[in-house]
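So this block is entry_25.tsv, TSV, C-alpha atoms:
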chain	number	residue	atom	x	y	z
A	3	MET	CA	-11.12	-20.26	-18.12
A	4	ILE	CA	-14.73	-20.47	-16.90
A	5	ARG	CA	-15.57	-21.85	-13.47
A	6	THR	CA	-19.20	-22.79	-12.96
A	7	TYR	CA	-20.92	-23.05	-9.57
A	8	ALA	CA	-24.31	-24.36	-8.50
A	9	ALA	CA	-26.19	-24.07	-5.18
A	10	VAL	CA	-26.86	-27.35	-3.38
A	11	ASP	CA	-28.56	-27.27	0.04
A	12	GLY	CA	-27.29	-23.79	0.80
A	13	HIS	CA	-23.73	-24.65	-0.22
A	14	LEU	CA	-21.82	-23.59	-3.32
A	15	HIS	CA	-20.37	-26.39	-5.44
A	16	GLN	CA	-18.28	-26.23	-8.58
A	17	ILE	CA	-19.76	-28.22	-11.44
A	18	ASP	CA	-18.74	-29.04	-15.00
A	19	ALA	CA	-19.15	-26.29	-17.56
A	20	GLY	CA	-21.39	-28.52	-19.66
A	21	ALA	CA	-23.86	-29.21	-16.84
A	22	ASP	CA	-27.45	-28.04	-16.79
A	23	ALA	CA	-27.36	-24.24	-17.07
A	24	GLY	CA	-30.53	-23.98	-14.97
A	25	ARG	CA	-28.62	-25.13	-11.88
A	26	VAL	CA	-25.85	-22.55	-12.26
A	27	VAL	CA	-25.83	-19.54	-9.91
A	28	TRP	CA	-22.34	-18.22	-10.72
A	29	PHE	CA	-20.15	-18.12	-13.83
A	30	ASP	CA	-16.62	-17.02	-12.93
A	31	LEU	CA	-14.60	-16.01	-16.01
A	32	LEU	CA	-10.84	-15.77	-15.46
A	33	SER	CA	-8.95	-14.40	-18.47
A	34	PRO	CA	-11.35	-16.10	-20.92
A	35	ASP	CA	-10.46	-16.48	-24.55
A	36	ARG	CA	-12.72	-15.11	-27.27
A	37	GLU	CA	-14.34	-18.48	-27.95
A	38	GLU	CA	-15.36	-18.92	-24.30
A	39	GLU	CA	-16.79	-15.41	-24.20
A	40	LEU	CA	-18.84	-15.91	-27.35
A	41	ARG	CA	-20.17	-19.25	-26.16
A	42	LEU	CA	-21.31	-17.80	-22.84
A	43	GLN	CA	-22.76	-14.68	-24.46
A	44	ASP	CA	-24.79	-16.80	-26.87
A	45	SER	CA	-26.13	-19.05	-24.13
A	46	LEU	CA	-27.15	-16.17	-21.85
A	47	GLY	CA	-28.09	-13.61	-24.47
A	48	LEU	CA	-25.85	-10.76	-23.34
A	49	GLU	CA	-22.65	-8.99	-24.37
A	50	LEU	CA	-19.74	-8.87	-21.95
A	51	PRO	CA	-17.48	-5.80	-21.79
A	52	SER	CA	-13.95	-6.02	-23.16
A	53	GLN	CA	-10.87	-5.65	-20.99
A	54	GLU	CA	-10.36	-2.14	-22.34
A	55	GLU	CA	-13.93	-1.17	-21.51
A	56	MET	CA	-13.54	-2.53	-17.99
A	57	ALA	CA	-10.52	-0.26	-17.44
A	58	GLU	CA	-12.44	2.96	-18.20
A	59	ILE	CA	-12.79	5.23	-15.17
A	60	GLU	CA	-16.11	6.95	-15.87
A	61	ASP	CA	-18.94	5.90	-13.57
A	62	SER	CA	-21.20	5.53	-16.61
A	63	SER	CA	-18.79	2.92	-17.97
A	64	ARG	CA	-18.38	1.08	-14.68
A	65	LEU	CA	-21.99	1.05	-13.46
A	66	TYR	CA	-24.79	0.74	-15.99
A	67	ILE	CA	-27.86	-1.29	-16.92
A	68	GLU	CA	-28.27	-2.71	-20.41
A	69	ASN	CA	-31.29	-4.72	-21.51
A	70	GLY	CA	-32.36	-5.18	-17.91
A	71	ILE	CA	-28.96	-6.56	-16.85
A	72	ALA	CA	-26.67	-4.67	-14.44
A	73	PHE	CA	-22.96	-4.35	-15.24
A	74	MET	CA	-20.88	-3.28	-12.24
A	75	THR	CA	-17.10	-2.91	-12.26
A	76	ALA	CA	-14.93	-2.53	-9.16
A	77	LEU	CA	-11.18	-2.31	-8.70
A	78	LEU	CA	-9.71	-5.14	-6.62
A	79	PRO	CA	-6.08	-5.59	-5.51
A	80	ALA	CA	-4.10	-8.79	-5.92
A	81	GLN	CA	-0.58	-10.04	-5.11
A	82	VAL	CA	-0.45	-7.52	-2.27
A	83	GLU	CA	2.13	-9.51	-0.29
A	84	SER	CA	4.51	-9.56	-3.26
A	85	ARG	CA	6.80	-6.76	-4.41
A	86	ASP	CA	4.56	-6.04	-7.37
A	87	PRO	CA	0.95	-5.59	-6.17
A	88	ILE	CA	-1.62	-4.91	-8.84
A	89	LEU	CA	-5.02	-3.20	-8.93
A	90	ALA	CA	-7.27	-4.28	-11.76
A	91	PRO	CA	-10.99	-4.16	-12.59
A	92	VAL	CA	-13.47	-6.97	-11.97
A	93	THR	CA	-16.89	-6.80	-13.62
A	94	PHE	CA	-19.98	-8.23	-11.91
A	95	VAL	CA	-22.91	-8.95	-14.24
A	96	LEU	CA	-26.25	-9.51	-12.52
A	97	GLY	CA	-29.64	-10.14	-14.04
A	98	ALA	CA	-32.60	-12.24	-13.03
A	99	GLY	CA	-30.44	-15.35	-13.47
A	100	PRO	CA	-26.93	-16.31	-12.38
A	101	LEU	CA	-24.11	-13.99	-11.42
A	102	ILE	CA	-21.28	-13.54	-13.92
A	103	THR	CA	-17.85	-12.27	-12.87
A	104	LEU	CA	-15.27	-11.26	-15.46
A	105	ARG	CA	-11.67	-10.69	-14.42
A	106	TYR	CA	-8.10	-10.86	-15.68
A	107	HIS	CA	-6.29	-11.26	-12.37
A	108	THR	CA	-6.79	-13.29	-9.19
A	109	PRO	CA	-7.88	-11.42	-6.04
A	110	ARG	CA	-7.54	-13.61	-2.97
A	111	ALA	CA	-11.29	-13.50	-2.21
A	112	PHE	CA	-12.09	-15.33	-5.45
A	113	ASP	CA	-10.06	-18.29	-4.20
A	114	THR	CA	-11.11	-18.30	-0.55
A	115	PHE	CA	-14.81	-17.60	-1.00
A	116	PRO	CA	-15.66	-20.71	-3.08
A	117	GLN	CA	-13.74	-22.90	-0.62
A	118	ARG	CA	-15.59	-21.43	2.36
A	119	ALA	CA	-18.97	-21.54	0.56
A	120	THR	CA	-18.44	-25.24	-0.15
A	121	ARG	CA	-18.04	-26.06	3.55
A	122	ALA	CA	-20.24	-23.45	5.24
A	123	GLU	CA	-23.82	-22.47	4.54
A	124	THR	CA	-23.64	-19.04	2.87
A	125	ALA	CA	-27.22	-18.68	1.54
A	126	CYS	CA	-26.01	-18.75	-2.08
A	127	ALA	CA	-29.34	-19.67	-3.57
A	128	ASP	CA	-29.25	-17.30	-6.56
A	129	GLY	CA	-27.03	-14.84	-8.36
A	130	ALA	CA	-27.87	-11.89	-6.09
A	131	SER	CA	-27.08	-13.78	-2.87
A	132	VAL	CA	-23.84	-15.07	-4.40
A	133	LEU	CA	-22.89	-11.50	-5.30
A	134	LEU	CA	-23.53	-10.23	-1.78
A	135	SER	CA	-21.59	-13.11	-0.22
A	136	LEU	CA	-18.72	-12.57	-2.65
A	137	LEU	CA	-18.62	-8.82	-1.95
A	138	ASP	CA	-18.64	-9.61	1.76
A	139	ALA	CA	-15.57	-11.82	1.26
A	140	VAL	CA	-13.90	-9.05	-0.77
A	141	VAL	CA	-14.53	-6.47	1.96
A	142	ASP	CA	-13.23	-8.90	4.62
A	143	ARG	CA	-10.07	-9.38	2.58
A	144	LEU	CA	-9.57	-5.61	2.25
A	145	ALA	CA	-10.07	-5.25	6.01
A	146	ASP	CA	-7.37	-7.87	6.62
A	147	LEU	CA	-5.01	-6.02	4.29
A	148	LEU	CA	-5.63	-2.76	6.13
A	149	GLU	CA	-4.88	-4.45	9.47
A	150	ALA	CA	-1.63	-5.84	8.05
A	151	CYS	CA	-0.70	-2.40	6.73
A	152	GLY	CA	-1.40	-0.90	10.15
A	153	ARG	CA	0.92	-3.41	11.83
A	154	ASP	CA	3.65	-2.66	9.28
A	155	VAL	CA	3.26	1.08	9.87
A	156	GLU	CA	3.72	0.57	13.62
A	157	ARG	CA	6.83	-1.54	12.98
A	158	LEU	CA	8.31	1.14	10.72
A	159	ALA	CA	7.50	3.81	13.30
A	160	ARG	CA	9.48	1.86	15.91
A	161	ASP	CA	12.37	1.58	13.47
A	162	VAL	CA	12.36	5.34	12.92
A	163	PHE	CA	11.95	6.56	16.49
A	164	ASP	CA	13.41	3.79	18.69
A	165	LYS	CA	16.13	1.96	16.79
A	166	GLY	CA	19.63	3.16	17.60
A	167	ALA	CA	18.45	5.25	20.57
A	168	GLY	CA	20.93	3.49	22.86
A	169	SER	CA	23.88	4.04	20.52
A	170	PRO	CA	23.79	7.68	19.37
A	171	GLY	CA	27.21	7.40	17.77
A	172	ARG	CA	25.92	4.99	15.13
A	173	GLN	CA	23.99	6.17	12.12
A	174	HIS	CA	20.78	4.32	11.24
A	175	ASP	CA	20.19	3.26	7.64
A	176	TYR	CA	16.80	4.68	6.67
A	177	ARG	CA	16.78	3.41	3.11
A	178	GLU	CA	14.82	0.28	4.02
A	179	VAL	CA	12.39	2.40	6.01
A	180	LEU	CA	11.78	4.65	3.01
A	181	ARG	CA	11.26	1.61	0.78
A	182	GLY	CA	8.78	0.21	3.30
A	183	VAL	CA	6.91	3.51	3.53
A	184	GLY	CA	6.74	3.71	-0.26
A	185	ARG	CA	5.39	0.17	-0.59
A	186	LEU	CA	2.81	0.63	2.17
A	187	GLY	CA	1.73	3.91	0.64
A	188	ARG	CA	1.18	2.19	-2.69
A	189	VAL	CA	-0.78	-0.67	-1.10
A	190	SER	CA	-2.94	1.60	1.08
A	191	THR	CA	-3.77	3.75	-1.94
A	192	MET	CA	-4.82	0.64	-3.86
A	193	ILE	CA	-7.02	-0.49	-0.99
A	194	GLN	CA	-8.59	2.96	-0.68
A	195	ASP	CA	-9.32	3.11	-4.42
A	196	SER	CA	-10.82	-0.38	-4.26
A	197	LEU	CA	-13.07	0.52	-1.32
A	198	VAL	CA	-14.32	3.64	-3.08
A	199	THR	CA	-15.40	1.59	-6.11
A	200	ILE	CA	-17.06	-1.02	-3.87
A	201	GLU	CA	-18.92	1.71	-1.98
A	202	ARG	CA	-20.22	3.09	-5.28
A	203	LEU	CA	-21.14	-0.41	-6.42
A	204	THR	CA	-23.21	-1.11	-3.30
A	205	THR	CA	-25.02	2.20	-3.76
A	206	PHE	CA	-25.81	1.29	-7.36
A	207	LEU	CA	-26.82	-2.24	-6.39
A	208	GLY	CA	-29.78	-1.19	-4.22
A	209	PRO	CA	-32.04	-0.09	-7.12
A	210	VAL	CA	-30.89	-3.14	-9.09
A	211	LEU	CA	-32.16	-5.45	-6.34
A	212	ASP	CA	-35.38	-3.46	-6.23
A	213	ARG	CA	-35.81	-4.14	-9.93
A	214	TYR	CA	-35.67	-7.90	-9.33
A	215	GLY	CA	-37.93	-7.74	-6.25
A	216	ILE	CA	-35.40	-9.19	-3.82
A	217	ALA	CA	-34.37	-6.01	-2.01
A	218	LYS	CA	-36.31	-6.86	1.18
A	219	THR	CA	-34.32	-9.99	1.91
A	220	CYS	CA	-30.99	-8.58	0.76
A	221	ARG	CA	-31.31	-4.99	1.99
A	222	PRO	CA	-29.81	-5.61	5.48
A	223	ARG	CA	-26.80	-7.37	4.00
A	224	LEU	CA	-26.37	-4.61	1.41
A	225	LYS	CA	-26.54	-1.89	4.07
A	226	ALA	CA	-23.98	-3.73	6.17
A	227	LEU	CA	-21.66	-4.02	3.16
A	228	SER	CA	-22.02	-0.33	2.33
A	229	ARG	CA	-21.40	0.65	5.95
A	230	ASP	CA	-18.33	-1.57	6.24
A	231	ALA	CA	-16.89	-0.22	2.97
A	232	HIS	CA	-17.47	3.36	4.17
A	233	PHE	CA	-15.78	2.80	7.54
A	234	LEU	CA	-12.87	0.97	5.92
A	235	THR	CA	-12.46	3.86	3.47
A	236	GLU	CA	-12.12	6.25	6.41
A	237	HIS	CA	-9.66	3.86	8.06
A	238	ALA	CA	-7.60	3.72	4.86
A	239	ALA	CA	-7.56	7.52	4.71
A	240	ALA	CA	-6.33	7.68	8.32
A	241	LEU	CA	-3.65	5.11	7.51
A	242	SER	CA	-2.52	7.24	4.56
A	243	GLY	CA	-2.22	10.18	6.95
A	244	LYS	CA	-0.04	8.09	9.28
A	245	LEU	CA	2.16	7.12	6.36
A	246	GLY	CA	2.51	10.77	5.38
A	247	PHE	CA	3.55	11.64	8.95
A	248	LEU	CA	5.96	8.70	9.03
A	249	LEU	CA	7.53	9.80	5.75
A	250	ASP	CA	8.01	13.35	7.08
A	251	ALA	CA	9.44	11.99	10.33
A	252	THR	CA	11.86	9.72	8.47
A	253	LEU	CA	13.08	12.57	6.29
A	254	GLY	CA	13.41	14.71	9.43
A	255	MET	CA	15.51	12.05	11.17
A	256	ILE	CA	17.72	11.78	8.08
A	257	SER	CA	18.15	15.55	8.11
A	258	ILE	CA	19.05	15.51	11.82
A	259	GLU	CA	21.69	12.83	11.31
A	260	GLN	CA	23.13	14.67	8.32
A	261	ASN	CA	23.29	17.90	10.34
A	262	ALA	CA	25.07	16.02	13.15
A	263	ILE	CA	27.69	14.76	10.70
A	264	ILE	CA	28.17	18.23	9.23
A	265	LYS	CA	28.44	19.66	12.75
A	266	ILE	CA	31.23	17.20	13.65
A	267	LEU	CA	33.12	18.03	10.48
A	268	SER	CA	32.70	21.76	11.06
A	269	ILE	CA	33.97	21.50	14.65
A	270	ALA	CA	36.94	19.37	13.54
A	271	ALA	CA	37.83	21.97	10.91
A	272	ALA	CA	37.52	24.80	13.44
A	273	VAL	CA	39.62	22.94	16.06
A	274	PHE	CA	42.52	22.32	13.68
A	275	LEU	CA	42.44	25.77	12.10
A	276	PRO	CA	44.60	27.57	14.79
A	277	PRO	CA	47.40	24.95	14.81
A	278	THR	CA	47.38	24.98	11.02
A	279	LEU	CA	47.81	28.77	11.10
A	280	ILE	CA	50.72	28.49	13.56
A	281	ALA	CA	52.39	25.76	11.50
A	282	SER	CA	51.96	27.87	8.37
A	283	ILE	CA	53.61	30.88	10.01
A	284	TYR	CA	56.66	28.93	11.18
A	285	GLY	CA	56.90	27.17	7.85
A	286	MET	CA	57.68	30.37	5.94
A	287	ASN	CA	61.45	30.15	6.68
A	288	PHE	CA	62.21	33.87	6.58
A	289	ALA	CA	65.79	34.66	7.63
A	290	ALA	CA	64.65	37.35	10.07
A	291	MET	CA	62.49	34.98	12.14
A	292	PRO	CA	64.31	34.78	15.54
A	293	GLU	CA	62.66	31.50	16.57
A	294	LEU	CA	64.39	29.61	13.74
A	295	ASN	CA	67.76	29.71	15.49
A	296	SER	CA	66.41	29.40	19.05
A	297	PRO	CA	66.73	26.01	20.82
A	298	TRP	CA	63.24	26.44	22.32
A	299	GLY	CA	61.59	27.45	19.02
A	300	TYR	CA	60.29	23.97	18.13
A	301	PRO	CA	58.78	23.15	21.57
A	302	LEU	CA	57.28	26.64	21.66
A	303	SER	CA	55.51	26.20	18.31
A	304	VAL	CA	54.25	22.72	19.27
A	305	GLY	CA	53.01	24.07	22.61
A	306	LEU	CA	51.20	26.92	20.85
A	307	MET	CA	49.46	24.45	18.52
A	308	VAL	CA	48.39	22.16	21.38
A	309	GLY	CA	47.25	25.14	23.44
A	310	SER	CA	45.21	26.54	20.56
A	311	VAL	CA	43.44	23.18	20.13
A	312	LEU	CA	42.61	22.98	23.86
A	313	LEU	CA	41.46	26.58	23.93
A	314	THR	CA	39.15	26.04	20.96
A	315	LEU	CA	37.68	22.88	22.50
A	316	TRP	CA	37.09	24.71	25.80
A	317	PHE	CA	35.34	27.55	23.97
A	318	PHE	CA	33.00	25.15	22.09
A	319	LYS	CA	32.30	23.25	25.31
A	320	SER	CA	31.49	26.42	27.24
A	321	ARG	CA	29.02	27.50	24.52
A	322	GLY	CA	27.29	24.09	24.54
A	323	TRP	CA	28.27	23.25	20.96
A	324	LEU	CA	29.83	19.92	22.02
Would you put the structure from the file into structure tokens?
Amino acid sequence: MIRTYAAVDGHLHQIDAGADAGRVVWFDLLSPDREEELRLQDSLGLELPSQEEMAEIEDSSRLYIENGIAFMTALLPAQVESRDPILAPVTFVLGAGPLITLRYHTPRAFDTFPQRATRAETACADGASVLLSLLDAVVDRLADLLEACGRDVERLARDVFDKGAGSPGRQHDYREVLRGVGRLGRVSTMIQDSLVTIERLTTFLGPVLDRYGIAKTCRPRLKALSRDAHFLTEHAAALSGKLGFLLDATLGMISIEQNAIIKILSIAAAVFLPPTLIASIYGMNFAAMPELNSPWGYPLSVGLMVGSVLLTLWFFKSRGWL
């Protein structure tokens, strides 16, 4: 599918694919078929990278200039709120004409940005300004995701350290906490990887804008984008550190609860060991045992067992083990 946008009075409007190509400032290709790719390549005189080429991790494959046209690929997350978030490449193609974006998934910014650009004036007069506005929307979306991750980390921290504090006899189920930590760790890593690629893209974009003679008007916006991406990358790294601490704390709390259970079982075994020994002795039924024929033999053995239990409990209590 190809979505085509034109700039009208500072606003971005979607137009028919067959409209005048001179009005177009943005071609957005979403999972295009081969026929659509060939038609666009013929009309613009360029060759778009394949999906396999977009997935390559070398900087030379993600950021390069060919025949005076810049090809820039960044990793963008999508479906982050679902149980199966994805991180996939998006290629931005910028020359002296319109911007071309090629993608095979749907990051949220690609849906929200055209809607906002239709209503608000976003200075989308050409391909370069559309690219900067789109990258700004992408960075804003990543910032929102980081804020949401931070709130979820705080919620999980309360679950680990505060829940069940008033009822020490009950064991807290940490399996959901571990699942939440694992999911947040995956999402934060995706966001961090995405921000790193955007930071590299903005660094590469400066000389590209110089080539087209529009760096003076776009340089402040580009610097702001690069600065925001850098600060968000540091924030994502700090969030990853919090998640690592939270994971260690959760495993530590699980270990403490397991040790408490083992301690209770060990004390119970130690408490009932003396009466078991006494019962075993008087259960041997040797003929020479005088207590077998004594009328006070049974109460004596029961009293010894009860006394041994109380003595053991007193000993553990005096040592602070209970």
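If you measure from each of A:Pro51, A:Pro222, A:Pro292, A:Pro276 to Phe73 of chain A using only C-alpha atoms, the closest one turns out to be A:Pro51.
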>> Just want the 10 Å neighbourhood of Asn69 of chain A, counted on only C-alpha atoms, with same-chain residues fewer than 5 positions away dropped. Output as a PyMOL selection string.
In response: chain A and resi 47-48+97
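Using only C-alpha atoms, the protein and nucleic acid residues lying no more than 9 Å from segment 228-243 of chain A, apart from those fewer than 6 places from it along its own chain, are A:Val141, A:Leu144, A:Ala145, A:Leu148, A:Cys151, A:Gly152, A:Val155, A:Leu186, A:Gly187, A:Ser190, A:Thr191, A:Ile193, A:Gln194, A:Asp195, A:Ser196, A:Leu197, A:Val198, A:Ile200, A:Glu201, A:Arg202, A:Leu203, A:Thr204, A:Thr205.
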>> With all atoms listed in the file as the counted atoms, please give the residues lying no more than 10 Å from Val82 of chain A, apart from itself and same-chain residues fewer than 2 positions off, as number ranges by chain.
In response: A: 79-80, 84-89, 109-110, 147, 185-186, 188-189, 192-193
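If you measure from each of A:Val162, A:Val183, A:Val304, A:Leu134 to Lys225 of chain A using all atoms listed in the file, the closest one turns out to be A:Leu134.
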> Nearest to His107 of chain A among A:Leu207, A:Ala90, A:Leu279, A:Ala76, with distances taken over all atoms listed in the file: which residue is it?
Replying inline: A:Ala90
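Note that atom CA of Thr75 of chain A and atom CA of Arg36 of chain A are 19.8 Å apart.
The coordinates place atom CA of Arg223 of chain A at 19.7 Å from atom CA of Thr103 of chain A.
Closest approach to Tyr300 of chain A among A:Leu315, A:Tyr284, A:Pro34, A:Phe29 is made by A:Tyr284 (distances from all atoms listed in the file).
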> Taking into account all atoms listed in the file, which residue in the set A:Leu65, A:Glu83, A:Ala98, A:Ala271 is nearest to Asp146 of chain A?
Replying inline: A:Glu83
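Across A:Ile4, A:Val27, A:Ala159, A:Ala226, the tightest approach to Lys244 of chain A is made by A:Ala159 when counting all atoms listed in the file.
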I'd like the neighbourhood of Ile67 of chain A as a PDB file with C-alpha atoms, keeping the file's coordinate frame, where a residue qualifies if any of its atoms comes within 12 Å (using only C-alpha atoms), though same-chain residues fewer than 3 positions away should be ignored.
ATOM      1  CA  LEU A  48     -25.850 -10.760 -23.340  1.00  0.00           C
ATOM      2  CA  GLU A  49     -22.650  -8.990 -24.370  1.00  0.00           C
ATOM      3  CA  ASP A  61     -18.940   5.900 -13.570  1.00  0.00           C
ATOM      4  CA  SER A  62     -21.200   5.530 -16.610  1.00  0.00           C
ATOM      5  CA  SER A  63     -18.790   2.920 -17.970  1.00  0.00           C
ATOM      6  CA  ARG A  64     -18.380   1.080 -14.680  1.00  0.00           C
ATOM      7  CA  GLY A  70     -32.360  -5.180 -17.910  1.00  0.00           C
ATOM      8  CA  ILE A  71     -28.960  -6.560 -16.850  1.00  0.00           C
ATOM      9  CA  ALA A  72     -26.670  -4.670 -14.440  1.00  0.00           C
ATOM     10  CA  PHE A  73     -22.960  -4.350 -15.240  1.00  0.00           C
ATOM     11  CA  MET A  74     -20.880  -3.280 -12.240  1.00  0.00           C
ATOM     12  CA  THR A  75     -17.100  -2.910 -12.260  1.00  0.00           C
ATOM     13  CA  PHE A  94     -19.980  -8.230 -11.910  1.00  0.00           C
ATOM     14  CA  VAL A  95     -22.910  -8.950 -14.240  1.00  0.00           C
ATOM     15  CA  LEU A  96     -26.250  -9.510 -12.520  1.00  0.00           C
ATOM     16  CA  GLY A  97     -29.640 -10.140 -14.040  1.00  0.00           C
ATOM     17  CA  PHE A 206     -25.810   1.290  -7.360  1.00  0.00           C
ATOM     18  CA  LEU A 207     -26.820  -2.240  -6.390  1.00  0.00           C
ATOM     19  CA  PRO A 209     -32.040  -0.090  -7.120  1.00  0.00           C
ATOM     20  CA  VAL A 210     -30.890  -3.140  -9.090  1.00  0.00           C
ATOM     21  CA  ARG A 213     -35.810  -4.140  -9.930  1.00  0.00           C
TER      22      ARG A 213
END
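Using only C-alpha atoms, the residues found no farther than 9 Å from Ile280 of chain A, other than those of its own chain fewer than 3 positions away, are Leu275, Pro276, Pro277, Ile283, Tyr284, Gly285, Ser303, Val304, Leu306 and Met307 of chain A.
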